[in-house]
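Chemist: Before I ask anything, here is the structure I am working with.
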Protein chains: 4
Amino acid sequence: MKAAIIGATGYGGAELIRLLHYHPDVTLQSFHSSSQEGESIAASYPHMQGIAEKNLKHIDPAQIAKEADVVFAAAPAGVSAELVPELVDNGARVVDLSGDFRLQDTGKYEDWYQKKAPDKQYVNQAVYGLTEWLETDITGTQLLSNPGCYPTAALLALAPLVKQNRVDTSSIIIDAKTGVSGAGRKAAAATHFTETNDNLKIYKVFKHQHTPEIEAMLEAWSGKPEAITFSTHLVPMTRGIMTTIYADAPQDMTAQELTELYQECYNDCYFVRVKEQGTYPSTKDVYGSNFCDLSLSYDERTNRIMIVSVIDNLVKGAAGQAVQNMNRMFGLNETAGLDLIPVYP
Amino acid sequence: MKAAIIGATGYGGAELIRLLHYHPDVTLQSFHSSSQEGESIAASYPHMQGIAEKNLKHIDPAQIAKEADVVFAAAPAGVSAELVPELVDNGARVVDLSGDFRLQDTGKYEDWYQKKAPDKQYVNQAVYGLTEWLETDITGTQLLSNPGCYPTAALLALAPLVKQNRVDTSSIIIDAKTGVSGAGRKAAAATHFTETNDNLKIYKVFKHQHTPEIEAMLEAWSGKPEAITFSTHLVPMTRGIMTTIYADAPQDMTAQELTELYQECYNDCYFVRVKEQGTYPSTKDVYGSNFCDLSLSYDERTNRIMIVSVIDNLVKGAAGQAVQNMNRMFGLNETAGLDLIPVYP
Amino acid sequence: MKAAIIGATGYGGAELIRLLHYHPDVTLQSFHSSSQEGESIAASYPHMQGIAEKNLKHIDPAQIAKEADVVFAAAPAGVSAELVPELVDNGARVVDLSGDFRLQDTGKYEDWYQKKAPDKQYVNQAVYGLTEWLETDITGTQLLSNPGCYPTAALLALAPLVKQNRVDTSSIIIDAKTGVSGAGRKAAAATHFTETNDNLKIYKVFKHQHTPEIEAMLEAWSGKPEAITFSTHLVPMTRGIMTTIYADAPQDMTAQELTELYQECYNDCYFVRVKEQGTYPSTKDVYGSNFCDLSLSYDERTNRIMIVSVIDNLVKGAAGQAVQNMNRMFGLNETAGLDLIPVYP
Amino acid sequence: MKAAIIGATGYGGAELIRLLHYHPDVTLQSFHSSSQEGESIAASYPHMQGIAEKNLKHIDPAQIAKEADVVFAAAPAGVSAELVPELVDNGARVVDLSGDFRLQDTGKYEDWYQKKAPDKQYVNQAVYGLTEWLETDITGTQLLSNPGCYPTAALLALAPLVKQNRVDTSSIIIDAKTGVSGAGRKAAAATHFTETNDNLKIYKVFKHQHTPEIEAMLEAWSGKPEAITFSTHLVPMTRGIMTTIYADAPQDMTAQELTELYQECYNDCYFVRVKEQGTYPSTKDVYGSNFCDLSLSYDERTNRIMIVSVIDNLVKGAAGQAVQNMNRMFGLNETAGLDLIPVYP
């Protein structure tokens with residue numbers, strides 16, 4: 001299988017190259033970039049020198065569709081909206097990592113992204129790829145919309161409870177913390193080293209564009225629309241997301257029951273690891289890997305459930321899940337190219 | 001005024017030395033340590049060489065009480081319980097930075113600290129020193145119990161709302177994040193650089209000993225006992241605490257109203273800075289200083305209030321507030337020795 | 001005394017504000033910025049809110065000269081070249097923190113800075129202010145050129161040896177390491193958090209503009225021009241410079257002899273602390289302070305001297321030394337406004 | 001092939017597990033630990049949960065030798081000295097990652113390690129495994145002594161010049177900088193997060209036990225014994241070593257000539273990447289990988305050569321090179337299990 005990567009000079013693109021380089025069934029066919037066309041990928045990423053070097057090509061959707069079996073679109077929101085339809089029309093099978101095709105409600109897209117929504121026909125065609133909870137067989141899917149990093153961490157943490165109606169979704173509060181790579185590669189004042197190191201910030205308060213993505217899935221699972229509280233913090237570290245999720249328990253529970261429910265639920269999911277009751281995940285436990293580690297607690301003093309989940313935002317939160325989805329789309333082994341032990345310490 | 005510092009080799013002790021060194025009305029009289037007695041403080045802290053060098057002395061409460069006008073006890077929990085009564089009996093005026101005298105309910109102390117409680121007589125005598133919300137004049141106080149770092153950040157954030165009964169305290173969730181200096185100077189596996197750097201952890205889940213301290217004050221203010229949810233995260237940074245606090249709003253509000261309420265409430269409090277509506281504090285905004293920065297938000301979609309507060313855990317969360325309390329106890333200018341611009345970047 | 005700060009929104013400017021705020025003899029008169037004119041300094045630096053807030057003013061040299069007793073120019077290289085002559089012509093007493101007036105050889109300035117040199121008349125008038133080694137009384141100086149951060153660390157480390165002709169300057173190798181704040185506040189790809197965190201880089205190899213500044217002083221002290229080897233590394237930390245300096249010993253020595261030579265030499269210099277033989281400075285030992293800590297070693301196996309020096313690049317390497325020079329220029333106590341214990345940890 | 005790992009709970013052991021997990025020709029047979037015997041490796045390293053979990057076994061050299069085709073000894077110096085002879089006597093093929101068998105001169109071992117040297121018979125039998133510069137075919141080697149982290153970085157940087165007698169080894173100065181994982185997993189005051197973060201230290205001045213290891217190889221290559229200057233700095237990052245090496249050029253050279261010499265020399269070495277002239281490596285370029293990146297410079301002003309090399313101290317500096325050596329010993333593809341793109345950012 002030949003893979004093309006659009007937006008190869010972003011962090012999502014670079015991570016796709018790293019993962020696909022190991023993949024037993026995939027050949028890296030071509031890398032594409034609008035800004036560094038003609039240059040070697042190693043000019044942007046010296047760490048790839050001599051391993052996965054290729055010159056960056058022009059983004060020509062028709063040509064890409066012709067040459068590649070799978071196309072990963074790792075372009076910014078708004079750009080994918082333009083590119084993906086052309087890829088699809090030319091017959092490409094696409095995994096899109098942007099937010100452009102994640103919201104079926106294009107009005108919400110426009111409200112939260114402050115951009116014009118993509119053509120509704122393609123939005124409708126797109127399958128939302130939270131791999132562990134795919135509702136359909138995607139072996140025939142042409143356009144797969146890869147989830148956002150925060151939604152992946154939050155939804156994997158919430159799915160078992162919400163799908164079984166064990167929690168009132170209106171009581172959900174998601175306090176999320178991310179490493180700085182989530183902000184992308186472009187230098188900016190807010191992510192300048194000296195402004196970020198040894199510092200903890202809260203950002204995009206009540207305005208994060210991942211909010212409606214989380215709510216849409218919760219609604220799909222619970223059957224009723226509810227707004228949740230979702231806040232996002234910037235932690236002085238490169239990779240990793242932790243979500244600490246609070247929800248009122250409708251009835252008395254124990255942490256042990258919750259843990260068992262989750263263990264059962266995720267029993268067949270290689271990439272979701274439910275921690276033993278009383279132990280908690282750290283972001284570094286999944287560094288560089290496609291795992292999501294979860295722990296369940298129950299606060300008997302307040303009758304609140306607390307779920308903690310961690311992922312590597314660039315892997316399970318982006319490129320890794322994209323590869324996992326590709327594996328499903330093409331009937332490959334789900335762990336192909338992803339069977340990596342996290343890099344620790 | 002002559003000040004003695006017990007436990008001078010811990011981070012709280014070192015920070016007291018740094019702050020008192022500037023203090024116009026205080027002379028550093030003596031430093032005391034059980035473990036490094038006889039050594040220079042500069043052997044533990046080379047940064048003090050040539051500035052505040054003194055040999056560490058034996059901890060002899062009677063002698064200390066005789067020589068110093070004010071004694072700062074910065075010993076670990078459990079140790080203060082033994083030392084402070086002797087200091088008090090010998091007539092010393094004491095600011096105690098440990099948790100030993102913060103909980104009037106000594107049963108709760110024993111539950112949460114897993115230590116034997118101090119003699120109840122001294123606990124009762126102690127005044128809890130959240131400076132901005134002191135209920136009494138402390139110019140005559142002999143034993144001042146300095147608040148914990150998390151309680152300081154959380155209670156300053158909650159006081160105006162709770163005292164005015166604008167919030168149901170049972171709905172309060174405090175998601176707290178701290179830098180690593182809060183764990184003290186003793187090397188431990190959990191705070192080894194390689195285990196902590198580029199890593200985010202959650203710890204002491206539902207077991208943090210600051211929980212009853214927060215609850216006790218909320219009860220004092222609201223008039224009714226309620227359990228809160230309080231979780232604590234370890235962030236790869238040296239200093240700083242951020243609390244992100246969620247509470248259900250009993251009625252519709254606006255962020256602007258909340259902000260104004262707080263601005264008015266803290267109008268005369270130099271060390272509490274209420275941010276303009278729509279702006280948020282970062283921990284580095286208060287690095288090395290005694291400030292607590294606060295912001296108020298209101299999520300109209302969920303009718304939840306969100307309060308964000310930041311402090312430097314070693315300053316407003318420990319040594320700085322201790323000096324502020326000393327200033328009050330001795331009728332000095334409240335900002336004496338504390339009028340520092342935070343160190344940024 | 002009234003002080004004006006030009007370039008107040010850079011890190012050097014912000015640090016001047018922090019230090020002068022404590023200064024017993026100085027009032028902060030006005031802050032100036034070309035880019036953020038009219039805004040409050042707290043918009044750029046929220047940590048100053050309520051402490052040292054002022055609106056940023058236009059840079060009008062004549063007006064500034066009229067209103068301020070001392071002007072700190074903390075503008076980028078090239079900008080000072082334009083501004084300072086006007087300030088001087090209007091009678092201001094100026095401490096310039098840029099590199100523009102440090103090199104008497106304007107040809108070298110143009111070679112290394114790749115900019116047009118300032119008017120030679122002003123360059124000649126400027127006194128190079130490595131405070132501990134000032135050759136002249138500066139109480140009458142109108143234009144003081146404040147040294148660069150690396151030259152300060154390197155020259156304080158080398159002065160005693162070179163001035164006493166105890167070392168062949170041609171054998172000197174300076175391996176320097178800096179925190180990221182040295183690169184200034186402007187966001188750039190090279191100092192983006194994710195590119196810098198957990199990463200160590202070497203930069204500007206053999207091209208750093210501080211090279212001729214160091215060489216000029218060594219020549220002034222030794223009497224002969226020699227090129228030195230000087231390399232610069234970017235360390236993932238906010239503040240601090242360490243220079244590790246190697247030089248051939250012309251004769252057998254001991255570390256103890258060297259240490260004593262330096263201790264004697266710097267005996268009256270409050271801000272230079274010579275470590276006891278066998279102990280070594282870390283950058284954090286001087287964090288936020290005006291100290292330079294030094295240690296001397298002698299490698300008997302190779303007959304090489306090794307000197308290690310550390311400073312805070314923003315304090316002794318910029319704003320702190322500027323204040324120290326101002327103190328000298330105005331006949332104030334040398335430590336006024338600078339008697340700070342470093343912030344540790 | 002079945003591999004046993006002794007000392008699996010150290011960072012070297014953990015990294016061996018990570019790398020061997022991918023290795024197409026190796027099965028992880030058993031993990032051994034004296035301190036955590038009986039526990040799961042996931043108790044020490046939660047990141048391995050569900051991937052490479054095994055219970056830690058007792059260290060029984062005879063049993064291990066019987067069951068494993070290759071034994072990796074990742075025990076501390078001094079412990080290997082005891083264990084390895086027993087393994088060898090029982091017929092095991094061993095890759096030893098400690099310093100115990102690296103120095104043929106056991107007197108020097110005792111001087112620098114301050115420990116009793118291992119039995120000389122085994123020291124003599126051991127082959128020093130700087131893979132790119134192995135002098136012999138090791139397909140029959142029974143005991144392979146894996147190089148230290150600093151020696152690997154320094155010797156790969158120096159080999160071409162020294163072997164071709166293009167440099168006077170007595171002029172060599174190696175200024176080395178390491179991440180904190182080099183200090184191992186055991187918590188200690190010097191590597192406590194708060195003491196290390198945002199701090200740069202120099203340590204073990206003129207006493208680092210890797211000094212004689214570097215000198216022994218330089219002597220083997222140049223034919224004459226010379227002492228070098230070697231200094232080591234602790235950088236606030238988890239992984240990575242950079243060596244900045246200075247040497248006098250015996251004749252005029254150009255950086256381009258040097259670069260070409262090295263490119264030619266390392267042309268067939270997949271894991272050594274010589275940078276294009278004028279570009280420089282950063283430690284993160286090799287993070288998590290077995291690469292050593294090198295750059296060559298020539299300072300025309302001083303006639304000095306400067307070589308910069310970077311490795312990941314835990315990979316090419318320990319576990320990665322151990323696997324590379326194992327590949328050679330067993331006639332496998334040299335890159336098997338090591339063909340990883342570095343983890344960036």
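Ordering of the structure tokens sets the chain letters (A, B, ...), residue numbers begin anew at 1 in every chain, and ligands are numbered from 1 in the order given.
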Show me, as a ChimeraX atom specification, the residues of chain C whose atoms get within 10 Å of chain B, using only C-alpha atoms for the distance check.
Modeler: /C:11,14-15,17-19,21-22,45-52,181,185,197-198,238-239,270-275,279-289,291,293,314,339-345
Chemist: Show me, as a list in words, the residues that have an atom within 7 Å of stretch 33-42 of chain B when counting only C-alpha atoms, minus same-chain residues fewer than 6 positions from it.
Modeler: Ile6, Gly7, Ala8, Thr9, Met48, Gln49, Glu53, Lys54, Asn55, Leu56, Lys57, His58 and Ile59 of chain B
Chemist: Please give the root-mean-square deviation of the Cα atoms once chain A has been least-squares fitted onto chain C, pairing every Cα in order.
Modeler: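 That gives an RMSD of 0.0 Å.
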Chemist: Mind giving me the straight-line distance from atom CA of B:Thr254 to atom CA of B:Val162 in Å, one decimal?
Modeler: 16.8 Å
Chemist: Would you return as a PyMOL selection string the members of stretch 59-240 of chain D that DSSP assigns to alpha helix (DSSP H) on this structure's backbone?
Modeler: chain D and resi 61-67+79-89+106-113+120-125+149-163+193-196+211-222
